[in-house]
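Undergrad: One structure, as structure tokens, below. Some questions next.
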Amino acid sequence: MANKPRLTVALPLLKKEIERLGPKVVDNRLLTDIFETNKDKWRLPLAMTSERFINDLGELDFMRHHLFQFPAMNPKLLFFQDDASVYEISANIFSHSYLSHYSAVTLWGLTEQIPKTIYITQEQSQSPAKSQLAELNQTGIDQAFQKPQRQSETFTLFQDFKIMLLRGKGTKDLGVQYVDRQINQQIRVTDIERTLIDIAVRPSYAGGVSEVLKAYRLAKENYNVSVNKLSGYLSRMNFSYPYHQAIGFYLSHAGNYKTSQLAIFKNKPQTFNFYLTYEMANPGYDAEWQIYYPKGLI
């Protein structure tokens, strides 16, 4: 143990303060606030900075901690209680981020699998809205979806999990909310409708199209999915590709949606043939939604 007598004496007071506040995961921002509020009262060295305070805590018997190192990024040190879940820990690595895709599917109970990859989305700055339909053409769409889907290479390993950071489209956290997993365990995650959009757009981040279709079915069975909200979210996200055809396909094959609900997506323009996922060999074709899908899916 490092020889830091004043900080060692202050540890019980620090632990008591964290217990009062209640979080299971403690990040740099919270520790800095606690340090600035209590450094004089706890008689910490005058030369001690918040950065030194946090680094020294990593050498003391304070809490479990882990230094998360992602490629080409500054390392992130987190402290956490023994019973903190990997989802809550992951959700606190980056500020202004949230869990998404397969992680959101898991948190909402829309899969029977236990995924070993955690998906964190951190949004990019918003780009100006523009009319993108004129830029699309069938040849370009065909060529794009014959290639593999691009995958994020920004990830790290923690326990038995891969934690992957996604640079998301700027949406001002559209459809992001807190979900309570346990007492004092709040996690920022995409809501049901936003999750259904995200996994239709990037099925490889959700276990593939079979898992996406299953998630759509379980969402219908277990939640009051708002098709109007789905449509509204999709419009605000302003994608280039006609993902409304993919979402309409999933909704129609999830079952139990009214014709009037499906019409919300059916009445959107279907100018091009589209694809449910990338790099399909000998796919099937759904004429209603003008979309190619992997054979055997339905």
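Letters A, B, ... mark the chains of the structure tokens in the order given; residue numbers begin at 1 per chain; ligand numbers begin at 1, in order shown.
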I need the residues in segment 115-186 of chain A that are strand (DSSP E) according to DSSP; give them as a ChimeraX atom specification.
TA: /A:117-123,155-158,161-168,176-182,185-186
Undergrad: Using only C-alpha atoms, which protein or nucleic acid residues come within 7 Å of segment 197-212 of chain A? Drop anything in the same chain fewer than 4 positions from it, and give the result as a ChimeraX atom specification.
TA: /A:101-102,193,216,243,246-247,277,297
Undergrad: Find the residue from A:Thr117, A:Ser125, A:Asn282, A:Asn28 that sits nearest to Phe94 of chain A; use only C-alpha atoms when measuring.
TA: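 Selected residue with least distance to Phe94 of chain A: A:Asn28.
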Undergrad: Enter the distance from atom CA of Thr190 of chain A to atom CA of Leu230 of chain A, in Å, rounded to one decimal.
TA: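 Atom CA of Thr190 of chain A sits 12.4 Å away from atom CA of Leu230 of chain A.
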Undergrad: Pick out the residues sitting within 12 Å of Asn267 of chain A, and hand them over as a VMD selection string; count only C-alpha atoms, and ignore anything fewer than 3 positions along from it in its own chain.
TA: chain A and resid 231 244 to 245 248 259 to 264 270 to 271 288 to 289
Undergrad: Please dump the current selection as a CSV table (one decimal), in the first residue's frame; keep all heavy atoms.
TA:
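Dumped everything to out-v5.csv:
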```csv
chain,number,residue,atom,x,y,z
A,231,SER,N,-41.8,5.9,-36.4
A,231,SER,CA,-41.7,6.7,-37.6
A,231,SER,C,-41.2,8.1,-37.4
A,231,SER,O,-40.4,8.6,-38.1
A,231,SER,CB,-43.2,6.8,-38.2
A,231,SER,OG,-43.2,7.6,-39.4
A,244,HIS,N,-36.8,2.7,-43.7
A,244,HIS,CA,-38.3,2.4,-43.4
A,244,HIS,C,-38.7,1.1,-44.0
A,244,HIS,O,-39.7,0.5,-43.5
A,244,HIS,CB,-39.1,3.6,-43.8
A,244,HIS,CG,-39.1,3.9,-45.3
A,244,HIS,ND1,-38.1,4.6,-45.9
A,244,HIS,CD2,-39.9,3.5,-46.3
A,244,HIS,CE1,-38.3,4.7,-47.2
A,244,HIS,NE2,-39.4,4.0,-47.5
A,245,GLN,N,-38.1,0.7,-45.1
A,245,GLN,CA,-38.5,-0.6,-45.7
A,245,GLN,C,-38.0,-1.7,-44.9
A,245,GLN,O,-38.7,-2.7,-44.7
A,245,GLN,CB,-37.8,-0.6,-47.1
A,245,GLN,CG,-38.5,0.4,-48.1
A,245,GLN,CD,-37.7,0.5,-49.4
A,245,GLN,OE1,-37.5,1.6,-49.9
A,245,GLN,NE2,-37.4,-0.6,-50.0
A,248,GLY,N,-40.4,-1.7,-41.8
A,248,GLY,CA,-41.7,-2.2,-42.2
A,248,GLY,C,-41.7,-3.7,-42.4
A,248,GLY,O,-42.6,-4.4,-41.9
A,259,THR,N,-53.1,-3.3,-39.8
A,259,THR,CA,-52.8,-2.8,-41.2
A,259,THR,C,-52.5,-1.3,-41.2
A,259,THR,O,-51.7,-0.8,-41.9
A,259,THR,CB,-54.0,-3.1,-42.1
A,259,THR,OG1,-54.2,-4.5,-42.2
A,259,THR,CG2,-53.7,-2.6,-43.5
A,260,SER,N,-53.3,-0.6,-40.3
A,260,SER,CA,-53.1,0.9,-40.2
A,260,SER,C,-51.8,1.3,-39.7
A,260,SER,O,-51.2,2.3,-40.0
A,260,SER,CB,-54.3,1.5,-39.4
A,260,SER,OG,-54.2,0.9,-38.1
A,261,GLN,N,-51.2,0.4,-38.8
A,261,GLN,CA,-49.9,0.7,-38.2
A,261,GLN,C,-48.8,0.4,-39.3
A,261,GLN,O,-47.9,1.2,-39.4
A,261,GLN,CB,-49.7,-0.2,-37.0
A,261,GLN,CG,-50.5,0.2,-35.8
A,261,GLN,CD,-50.3,-0.8,-34.6
A,261,GLN,OE1,-50.5,-2.0,-34.8
A,261,GLN,NE2,-49.9,-0.2,-33.5
A,262,LEU,N,-48.9,-0.7,-40.0
A,262,LEU,CA,-48.0,-1.0,-41.0
A,262,LEU,C,-48.0,0.1,-42.2
A,262,LEU,O,-47.0,0.4,-42.8
A,262,LEU,CB,-48.2,-2.4,-41.6
A,262,LEU,CG,-48.1,-3.5,-40.7
A,262,LEU,CD1,-48.5,-4.8,-41.4
A,262,LEU,CD2,-46.7,-3.6,-40.1
A,263,ALA,N,-49.2,0.7,-42.4
A,263,ALA,CA,-49.3,1.7,-43.4
A,263,ALA,C,-48.5,2.9,-43.2
A,263,ALA,O,-48.1,3.6,-44.1
A,263,ALA,CB,-50.8,2.1,-43.6
A,264,ILE,N,-48.2,3.2,-41.9
A,264,ILE,CA,-47.3,4.3,-41.6
A,264,ILE,C,-46.0,4.2,-42.3
A,264,ILE,O,-45.4,5.2,-42.8
A,264,ILE,CB,-47.2,4.4,-40.1
A,264,ILE,CG1,-48.5,4.7,-39.4
A,264,ILE,CG2,-46.1,5.5,-39.7
A,264,ILE,CD1,-48.5,4.7,-37.9
A,270,GLN,N,-41.1,4.2,-51.7
A,270,GLN,CA,-40.3,3.0,-52.0
A,270,GLN,C,-39.7,3.1,-53.4
A,270,GLN,O,-40.1,2.5,-54.3
A,270,GLN,CB,-41.1,1.7,-51.8
A,270,GLN,CG,-41.5,1.5,-50.4
A,270,GLN,CD,-42.1,0.1,-50.2
A,270,GLN,OE1,-41.8,-0.9,-50.9
A,270,GLN,NE2,-43.0,-0.1,-49.2
A,271,THR,N,-38.7,4.0,-53.4
A,271,THR,CA,-38.1,4.3,-54.7
A,271,THR,C,-37.1,3.3,-55.2
A,271,THR,O,-36.9,3.1,-56.4
A,271,THR,CB,-37.4,5.7,-54.6
A,271,THR,OG1,-38.3,6.6,-54.1
A,271,THR,CG2,-36.9,6.2,-56.0
A,288,GLU,N,-43.4,-6.8,-51.2
A,288,GLU,CA,-44.3,-5.8,-50.5
A,288,GLU,C,-43.4,-4.6,-50.0
A,288,GLU,O,-43.8,-3.5,-50.1
A,288,GLU,CB,-45.0,-6.4,-49.3
A,288,GLU,CG,-45.9,-5.4,-48.6
A,288,GLU,CD,-46.6,-6.1,-47.4
A,288,GLU,OE1,-46.3,-7.3,-47.1
A,288,GLU,OE2,-47.4,-5.4,-46.8
A,289,TRP,N,-42.2,-5.0,-49.5
A,289,TRP,CA,-41.3,-4.0,-48.9
A,289,TRP,C,-40.1,-3.7,-49.8
A,289,TRP,O,-39.3,-2.9,-49.4
A,289,TRP,CB,-40.9,-4.4,-47.5
A,289,TRP,CG,-42.0,-4.5,-46.5
A,289,TRP,CD1,-42.7,-5.6,-46.1
A,289,TRP,CD2,-42.7,-3.4,-45.9
A,289,TRP,NE1,-43.7,-5.3,-45.3
A,289,TRP,CE2,-43.7,-3.9,-45.1
A,289,TRP,CE3,-42.5,-2.0,-45.9
A,289,TRP,CZ2,-44.6,-3.1,-44.4
A,289,TRP,CZ3,-43.4,-1.2,-45.2
A,289,TRP,CH2,-44.4,-1.8,-44.4
```
